[in-house]
Amino acid sequence: MKNDNSDRKMDEKKFRRVNRRELLKLTPALVLGAFAIPGLQESLLKTGLGFSDWASARLFRRGHLATTFDDAEVAPFDKFPINGYDVDDPGVDLENWTLTVGGEVQTPGEYKLSQVQALPLVRQNTRHICVEGWDVIGRFGGARLSDFFKLVGADTTARFITVKCADDYYESLDMATALHPQTLLCYEMYDQPLTRAHGAPLRLQIPTKVGYKQAKYLTELKVTNVLDKVGYWEDQGYSWFYGL
Amino acid sequence: MSDAVIEIIRPAEKKIDGEEETPVVVARAVYEHPFIVRLCHWVNTVALFVMVGSGLQIFRAFPSFGAKIPQKDLLHWPRAFAIGGWLGGALQWHLTFMWIYMGTGVLYLGYQIFSGNYRQVLFMPRDIPGVWPMVKHYFFFGEKPLAREAYNPLQKHAYTTAIILGALSVLTGLAVWKPVQFSWLAWMMGGFHWARIWHFGVMWAILFFVLGHLVMVVLHGWNNFMSMLTGWKKDPEY
């Protein structure tokens, strides 16, 4: 190998010039330094997170179901973590509770739990994944949100669902996820009425979303094309779509 | 081109009496690293740094691989050696730089395959006989085998492994990020729970490679280091 190219020679000065030029060609990589500039960092990361959310929405498949599990694989009820952003029991008056439905629906108003329970009951053993990284397989029961949409005459061409909760938590969902067959208005866990700590009387249960999207203690549900409020954790900087 | 050794010459000066001296060969050099490879190397260096730092901050939110109840922490990683400050901040870094990390990976692999430059790094069956002599040299004071090309068999093995680990870091990461949409990936790894363990393990394997890589860079000196910046390696061993 050594003498194969002995005829190729390069002037010392030219060699230095060539080296300098090759080094300068790498300067575009320095744009990454923008992430170190405090004024730019926040908006760059927000853009990155937004791009990930955009990609997540593209990756979401309406008919693709989350894995369901045998009863034997379900964690015991007392091993199912209780996670809230504030209190475990916001003191909901379960007797007089109603869900306020509004926005792009034909019959807005107050809906009783019995009206949700009159819809077909779906029970599913699915994996609950927390943004923190832990996961647990639980058993959930409730009505499909898409069935509830038929009841209230929701305009399913609208873009978003927003919910408000008794503990002042708030969340929003994309319509595609809301219409997913495993997305439930959940009023049961382990075939028992939802306990207060788990979000009684009604919560969202969405196996295709991370935990914080699955709001508890629902009080208000709105179908809308405009997101006036995005979500409690999203406002702290978490991803909005966070589809699994 | 990449293996072409050239001679660097100092041109002859014209003497007063008109006689010319013959040019002096001052060094030899070889163009080892094409531009795309160098660009990907340095951008990926930054991306990997951010991915590991933010990944460890994400891990801090639940530093365990067991159940949440009861939670048994595996290790308490110090905040000072993590990026993002808190879980949400770290996720922003992680979900932003993963595109840069994957982008350099795809660009690098595409370039290597289509340019044929992959032959420089890909560990092939013919490299197997050369592994033991290199191990003897590095670890047991054996004689240094003759260098014939940019990378010796052991280096090729290390770099090929690193590329595979890079691909695995992406695949395990996708399984953690999208265990429902990429359920087949998560299934291959034993489910979401295991995908998270694999993702963590692959990170440590990559860090182990980086450590060895940095030791070798220091041992091989300045000309070798500069070759990853300018492409040209002065006074190669072959």
# chains A, B, ... in the order shown; residues from 1 in each chain; ligands from 1
>>> interface_residues(of="chain A", to="chain B", cutoff="8 Å", atoms="only C-alpha atoms", output="NGL selection string")
:A and (1-2 or 4-12 or 15 or 19-23 or 25-26 or 29 or 32 or 45-49 or 51-52 or 59-61 or 64-67 or 79-81 or 132-136 or 208 or 236-239 or 243-244)
>>> write_last_selection(atoms="C-alpha atoms", output="mmCIF file, in the first residue's frame")
data_model
loop_
_atom_site.group_PDB
_atom_site.id
_atom_site.type_symbol
_atom_site.label_atom_id
_atom_site.label_comp_id
_atom_site.auth_asym_id
_atom_site.auth_seq_id
_atom_site.Cartn_x
_atom_site.Cartn_y
_atom_site.Cartn_z
ATOM 1 C CA MET A 1 0.000 0.000 0.000
ATOM 2 C CA LYS A 2 2.754 2.324 1.053
ATOM 3 C CA ASP A 4 1.077 2.731 -4.473
ATOM 4 C CA ASN A 5 0.554 6.430 -4.687
ATOM 5 C CA SER A 6 4.047 7.734 -4.427
ATOM 6 C CA ASP A 7 3.408 9.763 -7.538
ATOM 7 C CA ARG A 8 0.793 11.804 -5.673
ATOM 8 C CA LYS A 9 2.437 14.736 -4.060
ATOM 9 C CA MET A 10 1.081 17.839 -2.480
ATOM 10 C CA ASP A 11 2.749 21.092 -1.722
ATOM 11 C CA GLU A 12 3.109 21.786 2.016
ATOM 12 C CA PHE A 15 -1.854 20.763 2.246
ATOM 13 C CA ASN A 19 -6.850 21.035 5.788
ATOM 14 C CA ARG A 20 -8.155 24.447 6.762
ATOM 15 C CA ARG A 21 -10.902 24.242 4.155
ATOM 16 C CA GLU A 22 -11.961 20.792 5.325
ATOM 17 C CA LEU A 23 -12.097 22.030 8.905
ATOM 18 C CA LYS A 25 -16.690 22.743 6.168
ATOM 19 C CA LEU A 26 -17.673 21.488 9.629
ATOM 20 C CA ALA A 29 -22.351 21.888 13.044
ATOM 21 C CA LEU A 32 -26.146 23.296 17.581
ATOM 22 C CA LEU A 45 -36.941 22.929 22.682
ATOM 23 C CA LYS A 46 -40.584 23.908 22.308
ATOM 24 C CA THR A 47 -40.206 23.506 18.548
ATOM 25 C CA GLY A 48 -38.574 20.116 19.045
ATOM 26 C CA LEU A 49 -41.346 18.966 21.347
ATOM 27 C CA PHE A 51 -42.308 18.351 16.086
ATOM 28 C CA SER A 52 -42.397 15.187 18.202
ATOM 29 C CA LEU A 59 -47.923 7.658 13.904
ATOM 30 C CA PHE A 60 -51.274 7.214 15.654
ATOM 31 C CA ARG A 61 -53.425 4.568 13.982
ATOM 32 C CA HIS A 64 -54.699 -0.155 16.158
ATOM 33 C CA LEU A 65 -55.501 -1.496 19.602
ATOM 34 C CA ALA A 66 -53.315 -1.380 22.662
ATOM 35 C CA THR A 67 -52.363 -4.824 23.954
ATOM 36 C CA LYS A 79 -50.655 -2.210 43.894
ATOM 37 C CA PHE A 80 -52.201 0.176 41.383
ATOM 38 C CA PRO A 81 -50.586 3.563 42.136
ATOM 39 C CA GLU A 132 -42.294 9.015 35.063
ATOM 40 C CA GLY A 133 -41.548 5.613 33.607
ATOM 41 C CA TRP A 134 -43.466 3.136 35.737
ATOM 42 C CA ASP A 135 -46.197 0.970 34.316
ATOM 43 C CA VAL A 136 -48.933 -1.215 35.731
ATOM 44 C CA THR A 208 -53.055 4.813 23.862
ATOM 45 C CA GLN A 236 -45.657 23.180 32.696
ATOM 46 C CA GLY A 237 -43.826 21.977 29.572
ATOM 47 C CA TYR A 238 -44.949 18.402 28.943
ATOM 48 C CA SER A 239 -45.887 17.039 25.524
ATOM 49 C CA GLY A 243 -49.588 9.058 22.431
ATOM 50 C CA LEU A 244 -48.077 5.714 23.244
#
>>> atom_distance(atom1="CA of Asp155 (chain A)", atom2="CA of Gly142 (chain A)")
21.4 Å
>>> residues_around(residues="Lys229 (chain A)", least_positions_apart="6", cutoff="12 Å", atoms="only C-alpha atoms", output="compact mmCIF listing (two decimals) with N, CA and C atoms, in the first residue's frame")
# COMPACT_ATOMS: atom_id res chain seq x y z
N PHE A 160 -60.89 18.91 18.77
CA PHE A 160 -60.41 18.62 20.12
C PHE A 160 -61.54 18.31 21.10
N ILE A 161 -61.16 17.66 22.19
CA ILE A 161 -62.02 17.49 23.36
C ILE A 161 -61.29 18.16 24.51
N THR A 162 -61.97 18.96 25.28
CA THR A 162 -61.34 19.48 26.50
C THR A 162 -62.16 19.00 27.69
N VAL A 163 -61.46 18.74 28.79
CA VAL A 163 -62.16 18.34 30.02
C VAL A 163 -61.67 19.20 31.18
N LYS A 164 -62.59 19.39 32.14
CA LYS A 164 -62.22 20.05 33.40
C LYS A 164 -62.57 19.09 34.53
N TYR A 169 -57.89 20.34 37.74
CA TYR A 169 -57.04 19.80 36.67
C TYR A 169 -57.79 20.00 35.36
N TYR A 170 -57.07 20.11 34.28
CA TYR A 170 -57.71 20.26 32.97
C TYR A 170 -56.85 19.57 31.93
N GLU A 171 -57.50 19.08 30.89
CA GLU A 171 -56.79 18.33 29.86
C GLU A 171 -57.49 18.52 28.52
N SER A 172 -56.81 18.09 27.46
CA SER A 172 -57.42 18.12 26.14
C SER A 172 -56.92 16.94 25.32
N LEU A 173 -57.72 16.54 24.36
CA LEU A 173 -57.43 15.37 23.54
C LEU A 173 -57.65 15.69 22.08
N LYS A 222 -66.01 19.23 26.73
CA LYS A 222 -66.37 20.14 25.64
C LYS A 222 -65.77 19.63 24.34
N ASP A 235 -49.00 22.81 30.26
CA ASP A 235 -48.64 24.20 30.55
C ASP A 235 -47.35 24.29 31.36
N TRP A 240 -48.03 17.60 24.49
CA TRP A 240 -49.49 17.62 24.44
C TRP A 240 -50.04 16.29 23.92
>>> residues_around(residues="Pro120 (chain A)", least_positions_apart="6", cutoff="8 Å", atoms="only C-alpha atoms", output="VMD selection string")
chain A and resid 143 to 144 147
>>> residues_around(residues="Ala34 (chain A)", least_positions_apart="5", cutoff="12 Å", atoms="only C-alpha atoms", output="MDAnalysis selection string")
chainID A and resid 28:29 39:45
>>> write_last_selection(atoms="N, CA and C atoms", output="short mmCIF file (atom, residue, chain, number, x, y, z; two decimals), in the first residue's frame")
data_model
loop_
_atom_site.label_atom_id
_atom_site.label_comp_id
_atom_site.auth_asym_id
_atom_site.auth_seq_id
_atom_site.Cartn_x
_atom_site.Cartn_y
_atom_site.Cartn_z
N PRO A 28 -21.00 24.38 9.91
CA PRO A 28 -22.47 24.30 10.08
C PRO A 28 -22.88 23.55 11.35
N ALA A 29 -22.02 22.64 11.82
CA ALA A 29 -22.35 21.89 13.04
C ALA A 29 -22.45 22.82 14.25
N GLY A 39 -31.70 32.64 25.60
CA GLY A 39 -32.87 33.24 24.96
C GLY A 39 -33.48 32.37 23.88
N LEU A 40 -32.65 31.51 23.28
CA LEU A 40 -33.14 30.69 22.17
C LEU A 40 -33.57 29.29 22.62
N GLN A 41 -32.94 28.84 23.71
CA GLN A 41 -33.10 27.46 24.14
C GLN A 41 -34.57 27.05 24.29
N GLU A 42 -35.33 27.90 24.99
CA GLU A 42 -36.71 27.54 25.29
C GLU A 42 -37.54 27.35 24.02
N SER A 43 -37.40 28.30 23.09
CA SER A 43 -38.22 28.18 21.88
C SER A 43 -37.75 27.03 20.99
N LEU A 44 -36.44 26.76 20.99
CA LEU A 44 -35.94 25.63 20.20
C LEU A 44 -36.47 24.31 20.74
N LEU A 45 -36.45 24.17 22.08
CA LEU A 45 -36.94 22.93 22.68
C LEU A 45 -38.45 22.80 22.50
#
>>> atom_distance(atom1="CA of His76 (chain B)", atom2="CA of Met203 (chain B)")
16.5 Å
>>> residues_around(residues="Phe200 (chain B)", least_positions_apart="4", cutoff="10 Å", atoms="only C-alpha atoms", output="VMD selection string")
chain B and resid 52 55 to 56 59 65 169 172 to 173 194 to 196 204 to 205
>>> write_last_selection(atoms="N, CA and C atoms", output="PDB file, in the first residue's frame")
ATOM      1  N   VAL B  52     -27.928  11.179  26.544  1.00  0.00           N
ATOM      2  CA  VAL B  52     -27.545  10.488  27.784  1.00  0.00           C
ATOM      3  C   VAL B  52     -27.881  11.356  28.996  1.00  0.00           C
ATOM      4  N   GLY B  55     -31.594  11.646  29.319  1.00  0.00           N
ATOM      5  CA  GLY B  55     -32.115  10.314  29.633  1.00  0.00           C
ATOM      6  C   GLY B  55     -31.936   9.977  31.102  1.00  0.00           C
ATOM      7  N   LEU B  56     -30.796  10.370  31.647  1.00  0.00           N
ATOM      8  CA  LEU B  56     -30.560  10.099  33.071  1.00  0.00           C
ATOM      9  C   LEU B  56     -31.469  10.951  33.952  1.00  0.00           C
ATOM     10  N   PHE B  59     -34.690   9.212  33.908  1.00  0.00           N
ATOM     11  CA  PHE B  59     -34.567   8.044  34.791  1.00  0.00           C
ATOM     12  C   PHE B  59     -34.729   8.442  36.255  1.00  0.00           C
ATOM     13  N   PHE B  65     -36.753  -0.329  38.011  1.00  0.00           N
ATOM     14  CA  PHE B  65     -37.360  -1.128  36.948  1.00  0.00           C
ATOM     15  C   PHE B  65     -38.371  -2.110  37.523  1.00  0.00           C
ATOM     16  N   SER B 169     -30.225   1.544  20.307  1.00  0.00           N
ATOM     17  CA  SER B 169     -30.691   2.621  21.179  1.00  0.00           C
ATOM     18  C   SER B 169     -31.938   3.272  20.588  1.00  0.00           C
ATOM     19  N   THR B 172     -34.935   0.504  20.820  1.00  0.00           N
ATOM     20  CA  THR B 172     -35.457   0.375  22.178  1.00  0.00           C
ATOM     21  C   THR B 172     -36.152   1.658  22.600  1.00  0.00           C
ATOM     22  N   GLY B 173     -35.606   2.800  22.151  1.00  0.00           N
ATOM     23  CA  GLY B 173     -36.218   4.090  22.476  1.00  0.00           C
ATOM     24  C   GLY B 173     -37.602   4.228  21.859  1.00  0.00           C
ATOM     25  N   TRP B 194     -39.773  -4.228  29.723  1.00  0.00           N
ATOM     26  CA  TRP B 194     -38.443  -4.693  29.333  1.00  0.00           C
ATOM     27  C   TRP B 194     -37.773  -3.751  28.350  1.00  0.00           C
ATOM     28  N   ALA B 195     -38.565  -3.119  27.481  1.00  0.00           N
ATOM     29  CA  ALA B 195     -37.985  -2.176  26.520  1.00  0.00           C
ATOM     30  C   ALA B 195     -37.240  -1.069  27.262  1.00  0.00           C
ATOM     31  N   ARG B 196     -37.833  -0.626  28.380  1.00  0.00           N
ATOM     32  CA  ARG B 196     -37.199   0.423  29.172  1.00  0.00           C
ATOM     33  C   ARG B 196     -35.868  -0.072  29.766  1.00  0.00           C
ATOM     34  N   TRP B 204     -25.675   2.210  28.651  1.00  0.00           N
ATOM     35  CA  TRP B 204     -24.423   1.904  29.360  1.00  0.00           C
ATOM     36  C   TRP B 204     -23.425   1.241  28.435  1.00  0.00           C
ATOM     37  N   ALA B 205     -23.906   0.400  27.528  1.00  0.00           N
ATOM     38  CA  ALA B 205     -23.004  -0.233  26.562  1.00  0.00           C
ATOM     39  C   ALA B 205     -22.355   0.822  25.675  1.00  0.00           C
TER      40      ALA B 205
END
>>> residues_around(residues="Gly153 (chain A)", least_positions_apart="4", cutoff="10 Å", atoms="only C-alpha atoms", output="list in words")
Glu104, Val105, Gln106, Thr107, Pro108, Asp147, Phe148 and Phe149 of chain A
>>> write_last_selection(atoms="N, CA and C atoms", output="tab-separated table (two decimals), in the first residue's frame")
chain	number	residue	atom	x	y	z
A	104	GLU	N	-69.35	21.76	20.51
A	104	GLU	CA	-69.93	21.30	19.25
A	104	GLU	C	-70.73	20.01	19.45
A	105	VAL	N	-71.82	20.11	20.21
A	105	VAL	CA	-72.69	18.95	20.43
A	105	VAL	C	-74.15	19.38	20.21
A	106	GLN	N	-75.00	18.40	19.79
A	106	GLN	CA	-76.39	18.74	19.50
A	106	GLN	C	-77.21	18.95	20.77
A	107	THR	N	-76.90	18.15	21.81
A	107	THR	CA	-77.66	18.28	23.06
A	107	THR	C	-76.74	18.57	24.22
A	108	PRO	N	-76.31	19.82	24.34
A	108	PRO	CA	-75.47	20.19	25.48
A	108	PRO	C	-76.28	20.15	26.76
A	147	ASP	N	-69.23	6.23	22.01
A	147	ASP	CA	-70.65	5.97	22.24
A	147	ASP	C	-71.31	7.17	22.91
A	148	PHE	N	-70.58	7.76	23.86
A	148	PHE	CA	-71.11	8.95	24.54
A	148	PHE	C	-71.28	10.10	23.55
A	149	PHE	N	-70.38	10.17	22.59
A	149	PHE	CA	-70.49	11.20	21.55
A	149	PHE	C	-71.78	11.06	20.77
>>> select_by_dssp(residues="region 25-241 of chain A", states="helix (DSSP H, G or I)", output="tab-separated table (two decimals) with N, CA and C atoms, in the first residue's frame")
chain	number	residue	atom	x	y	z
A	27	THR	N	-18.15	23.85	10.05
A	27	THR	CA	-18.75	24.93	10.84
A	27	THR	C	-20.28	24.89	10.92
A	28	PRO	N	-21.00	24.38	9.91
A	28	PRO	CA	-22.47	24.30	10.08
A	28	PRO	C	-22.88	23.55	11.35
A	29	ALA	N	-22.02	22.64	11.82
A	29	ALA	CA	-22.35	21.89	13.04
A	29	ALA	C	-22.45	22.82	14.25
A	30	LEU	N	-21.83	24.01	14.14
A	30	LEU	CA	-21.84	24.94	15.27
A	30	LEU	C	-23.24	25.51	15.54
A	31	VAL	N	-24.18	25.38	14.58
A	31	VAL	CA	-25.53	25.89	14.84
A	31	VAL	C	-26.14	25.19	16.06
A	32	LEU	N	-25.65	23.98	16.38
A	32	LEU	CA	-26.15	23.30	17.58
A	32	LEU	C	-25.90	24.13	18.83
A	33	GLY	N	-24.91	25.02	18.74
A	33	GLY	CA	-24.61	25.90	19.87
A	33	GLY	C	-25.77	26.80	20.24
A	34	ALA	N	-26.71	26.97	19.30
A	34	ALA	CA	-27.89	27.80	19.59
A	34	ALA	C	-28.66	27.26	20.80
A	35	PHE	N	-28.55	25.95	21.00
A	35	PHE	CA	-29.25	25.35	22.14
A	35	PHE	C	-28.64	25.78	23.48
A	36	ALA	N	-27.45	26.35	23.42
A	36	ALA	CA	-26.80	26.79	24.66
A	36	ALA	C	-27.11	28.25	24.96
A	38	PRO	N	-29.39	31.01	26.20
A	38	PRO	CA	-30.58	31.01	27.05
A	38	PRO	C	-31.83	31.56	26.36
A	39	GLY	N	-31.70	32.64	25.60
A	39	GLY	CA	-32.87	33.24	24.96
A	39	GLY	C	-33.48	32.37	23.88
A	40	LEU	N	-32.65	31.51	23.28
A	40	LEU	CA	-33.14	30.69	22.17
A	40	LEU	C	-33.57	29.29	22.62
A	41	GLN	N	-32.94	28.84	23.71
A	41	GLN	CA	-33.10	27.46	24.14
A	41	GLN	C	-34.57	27.05	24.29
A	42	GLU	N	-35.33	27.90	24.99
A	42	GLU	CA	-36.71	27.54	25.29
A	42	GLU	C	-37.54	27.35	24.02
A	43	SER	N	-37.40	28.30	23.09
A	43	SER	CA	-38.22	28.18	21.88
A	43	SER	C	-37.75	27.03	20.99
A	44	LEU	N	-36.44	26.76	20.99
A	44	LEU	CA	-35.94	25.63	20.20
A	44	LEU	C	-36.47	24.31	20.74
A	45	LEU	N	-36.45	24.17	22.08
A	45	LEU	CA	-36.94	22.93	22.68
A	45	LEU	C	-38.45	22.80	22.50
A	46	LYS	N	-39.14	23.92	22.53
A	46	LYS	CA	-40.58	23.91	22.31
A	46	LYS	C	-40.88	23.45	20.88
A	47	THR	N	-40.06	23.92	19.94
A	47	THR	CA	-40.21	23.51	18.55
A	47	THR	C	-39.94	22.01	18.41
A	48	GLY	N	-38.91	21.54	19.10
A	48	GLY	CA	-38.57	20.12	19.05
A	48	GLY	C	-39.69	19.25	19.60
A	49	LEU	N	-40.24	19.70	20.73
A	49	LEU	CA	-41.35	18.97	21.35
A	49	LEU	C	-42.58	19.00	20.44
A	50	GLY	N	-42.82	20.17	19.82
A	50	GLY	CA	-43.94	20.29	18.90
A	50	GLY	C	-43.79	19.36	17.70
A	51	PHE	N	-42.56	19.24	17.21
A	51	PHE	CA	-42.31	18.35	16.09
A	51	PHE	C	-42.56	16.90	16.49
A	52	SER	N	-42.15	16.55	17.70
A	52	SER	CA	-42.40	15.19	18.20
A	52	SER	C	-43.90	14.91	18.32
A	53	ASP	N	-44.64	15.93	18.76
A	53	ASP	CA	-46.10	15.78	18.87
A	53	ASP	C	-46.73	15.61	17.49
A	54	TRP	N	-46.23	16.39	16.54
A	54	TRP	CA	-46.73	16.29	15.17
A	54	TRP	C	-46.48	14.88	14.64
A	55	ALA	N	-45.27	14.38	14.86
A	55	ALA	CA	-44.92	13.02	14.40
A	55	ALA	C	-45.77	11.98	15.13
A	56	SER	N	-46.01	12.21	16.43
A	56	SER	CA	-46.83	11.28	17.21
A	56	SER	C	-48.23	11.17	16.63
A	57	ALA	N	-48.80	12.32	16.25
A	57	ALA	CA	-50.16	12.31	15.68
A	57	ALA	C	-50.17	11.55	14.36
A	58	ARG	N	-49.07	11.67	13.57
A	58	ARG	CA	-48.98	10.95	12.30
A	58	ARG	C	-48.86	9.44	12.55
A	59	LEU	N	-48.15	9.08	13.62
A	59	LEU	CA	-47.92	7.66	13.90
A	59	LEU	C	-49.16	6.98	14.48
A	71	ASP	N	-56.56	-11.82	32.85
A	71	ASP	CA	-56.83	-11.43	34.24
A	71	ASP	C	-55.65	-11.76	35.16
A	72	ALA	N	-54.95	-12.85	34.84
A	72	ALA	CA	-53.83	-13.28	35.69
A	72	ALA	C	-52.68	-12.28	35.66
A	73	GLU	N	-52.62	-11.46	34.59
A	73	GLU	CA	-51.50	-10.52	34.46
A	73	GLU	C	-51.80	-9.16	35.10
A	77	PHE	N	-55.30	-4.70	42.98
A	77	PHE	CA	-55.83	-3.34	43.06
A	77	PHE	C	-55.01	-2.44	43.99
A	78	ASP	N	-54.55	-3.01	45.11
A	78	ASP	CA	-53.79	-2.17	46.06
A	78	ASP	C	-52.38	-1.87	45.58
A	79	LYS	N	-51.96	-2.51	44.47
A	79	LYS	CA	-50.66	-2.21	43.89
A	79	LYS	C	-50.78	-1.25	42.71
A	113	LEU	N	-74.51	10.26	35.82
A	113	LEU	CA	-73.68	9.06	35.68
A	113	LEU	C	-74.49	7.90	35.12
A	114	SER	N	-75.79	7.81	35.51
A	114	SER	CA	-76.63	6.71	35.05
A	114	SER	C	-76.79	6.73	33.52
A	115	GLN	N	-76.72	7.93	32.94
A	115	GLN	CA	-76.81	8.01	31.47
A	115	GLN	C	-75.55	7.45	30.81
A	116	VAL	N	-74.40	7.67	31.44
A	116	VAL	CA	-73.15	7.10	30.92
A	116	VAL	C	-73.17	5.59	31.12
A	117	GLN	N	-73.70	5.16	32.27
A	117	GLN	CA	-73.73	3.73	32.59
A	117	GLN	C	-74.74	2.96	31.74
A	145	LEU	N	-65.99	6.53	24.82
A	145	LEU	CA	-66.23	7.95	24.62
A	145	LEU	C	-66.98	8.17	23.30
A	146	SER	N	-66.66	7.31	22.30
A	146	SER	CA	-67.33	7.46	21.00
A	146	SER	C	-68.83	7.17	21.12
A	147	ASP	N	-69.23	6.23	22.01
A	147	ASP	CA	-70.65	5.97	22.24
A	147	ASP	C	-71.31	7.17	22.91
A	148	PHE	N	-70.58	7.76	23.86
A	148	PHE	CA	-71.11	8.95	24.54
A	148	PHE	C	-71.28	10.10	23.55
A	149	PHE	N	-70.38	10.17	22.59
A	149	PHE	CA	-70.49	11.20	21.55
A	149	PHE	C	-71.78	11.06	20.77
A	150	LYS	N	-72.19	9.79	20.50
A	150	LYS	CA	-73.45	9.56	19.78
A	150	LYS	C	-74.61	10.03	20.64
A	151	LEU	N	-74.51	9.76	21.94
A	151	LEU	CA	-75.59	10.16	22.86
A	151	LEU	C	-75.79	11.68	22.86
A	152	VAL	N	-74.69	12.40	22.87
A	152	VAL	CA	-74.80	13.86	22.96
A	152	VAL	C	-74.79	14.53	21.60
A	175	MET	N	-59.18	14.53	18.45
A	175	MET	CA	-60.41	13.79	18.16
A	175	MET	C	-60.13	12.34	17.79
A	176	ALA	N	-59.03	12.08	17.07
A	176	ALA	CA	-58.72	10.71	16.65
A	176	ALA	C	-58.60	9.80	17.87
A	177	THR	N	-57.91	10.27	18.90
A	177	THR	CA	-57.76	9.47	20.12
A	177	THR	C	-59.09	9.34	20.85
A	178	ALA	N	-59.87	10.44	20.86
A	178	ALA	CA	-61.17	10.39	21.55
A	178	ALA	C	-62.08	9.34	20.94
A	211	GLY	N	-50.21	8.51	31.22
A	211	GLY	CA	-51.11	8.68	32.36
A	211	GLY	C	-51.72	10.06	32.55
A	212	TYR	N	-50.90	11.12	32.45
A	212	TYR	CA	-51.44	12.45	32.79
A	212	TYR	C	-52.51	12.95	31.82
A	213	LYS	N	-52.67	12.27	30.67
A	213	LYS	CA	-53.74	12.64	29.75
A	213	LYS	C	-55.09	12.10	30.24
A	232	TYR	N	-52.98	20.84	32.19
A	232	TYR	CA	-52.20	21.31	33.33
A	232	TYR	C	-50.71	21.03	33.15
A	233	TRP	N	-50.35	19.78	32.85
A	233	TRP	CA	-48.93	19.44	32.72
A	233	TRP	C	-48.33	20.00	31.44
A	234	GLU	N	-49.15	20.08	30.39
A	234	GLU	CA	-48.67	20.67	29.15
A	234	GLU	C	-48.24	22.11	29.38
A	235	ASP	N	-49.00	22.81	30.26
A	235	ASP	CA	-48.64	24.20	30.55
A	235	ASP	C	-47.35	24.29	31.36
A	236	GLN	N	-46.95	23.19	32.00
A	236	GLN	CA	-45.66	23.18	32.70
A	236	GLN	C	-44.52	22.78	31.75
>>> select_by_dssp(residues="region 15-214 of chain B", states="strand (DSSP E or B)", output="list in words")
Glu20, Val24, Val25, Val26, Ala27, Arg28, Ala29, Val30 and Tyr31 of chain B
>>> write_last_selection(atoms="C-alpha atoms", output="PDB file, in the first residue's frame")
ATOM      1  CA  GLU B  20      17.343  23.764  -8.300  1.00  0.00           C
ATOM      2  CA  VAL B  24      11.913  17.486   0.099  1.00  0.00           C
ATOM      3  CA  VAL B  25       9.255  15.077   1.297  1.00  0.00           C
ATOM      4  CA  VAL B  26       8.326  16.360   4.750  1.00  0.00           C
ATOM      5  CA  ALA B  27       5.469  14.032   5.589  1.00  0.00           C
ATOM      6  CA  ARG B  28       2.961  11.594   4.259  1.00  0.00           C
ATOM      7  CA  ALA B  29      -0.798  11.930   4.645  1.00  0.00           C
ATOM      8  CA  VAL B  30      -3.967  10.074   3.865  1.00  0.00           C
ATOM      9  CA  TYR B  31      -7.566  11.279   3.494  1.00  0.00           C
TER      10      TYR B  31
END
>>> atom_distance(atom1="CA of Asn223 (chain B)", atom2="CA of Arg17 (chain A)")
16.3 Å
>>> decode(residues="region 172-202 of chain A", atoms="C-alpha atoms", output="mmCIF file, in the first residue's frame")
data_model
loop_
_atom_site.group_PDB
_atom_site.id
_atom_site.type_symbol
_atom_site.label_atom_id
_atom_site.label_comp_id
_atom_site.auth_asym_id
_atom_site.auth_seq_id
_atom_site.Cartn_x
_atom_site.Cartn_y
_atom_site.Cartn_z
ATOM 1 C CA SER A 172 -57.422 18.117 26.135
ATOM 2 C CA LEU A 173 -57.425 15.370 23.537
ATOM 3 C CA ASP A 174 -57.196 15.070 19.782
ATOM 4 C CA MET A 175 -60.414 13.793 18.157
ATOM 5 C CA ALA A 176 -58.724 10.712 16.652
ATOM 6 C CA THR A 177 -57.756 9.467 20.123
ATOM 7 C CA ALA A 178 -61.166 10.395 21.548
ATOM 8 C CA LEU A 179 -62.831 8.185 18.919
ATOM 9 C CA HIS A 180 -60.454 5.249 19.509
ATOM 10 C CA PRO A 181 -62.436 2.134 20.536
ATOM 11 C CA GLN A 182 -60.389 1.717 23.761
ATOM 12 C CA THR A 183 -60.873 5.305 24.920
ATOM 13 C CA LEU A 184 -63.302 5.095 27.836
ATOM 14 C CA LEU A 185 -65.339 7.295 30.099
ATOM 15 C CA CYS A 186 -64.288 5.071 32.952
ATOM 16 C CA TYR A 187 -66.459 4.545 36.041
ATOM 17 C CA GLU A 188 -65.125 1.135 37.114
ATOM 18 C CA MET A 189 -61.825 -0.338 38.175
ATOM 19 C CA TYR A 190 -61.519 -4.036 38.914
ATOM 20 C CA ASP A 191 -65.287 -4.374 38.283
ATOM 21 C CA GLN A 192 -66.033 -2.051 41.207
ATOM 22 C CA PRO A 193 -67.211 1.569 41.125
ATOM 23 C CA LEU A 194 -64.286 3.953 40.782
ATOM 24 C CA THR A 195 -62.890 4.920 44.188
ATOM 25 C CA ARG A 196 -62.452 8.589 45.046
ATOM 26 C CA ALA A 197 -58.668 8.374 44.865
ATOM 27 C CA HIS A 198 -58.862 6.879 41.378
ATOM 28 C CA GLY A 199 -61.117 9.637 40.080
ATOM 29 C CA ALA A 200 -64.725 8.952 41.139
ATOM 30 C CA PRO A 201 -67.192 9.137 39.720
ATOM 31 C CA LEU A 202 -65.858 9.427 36.171
#
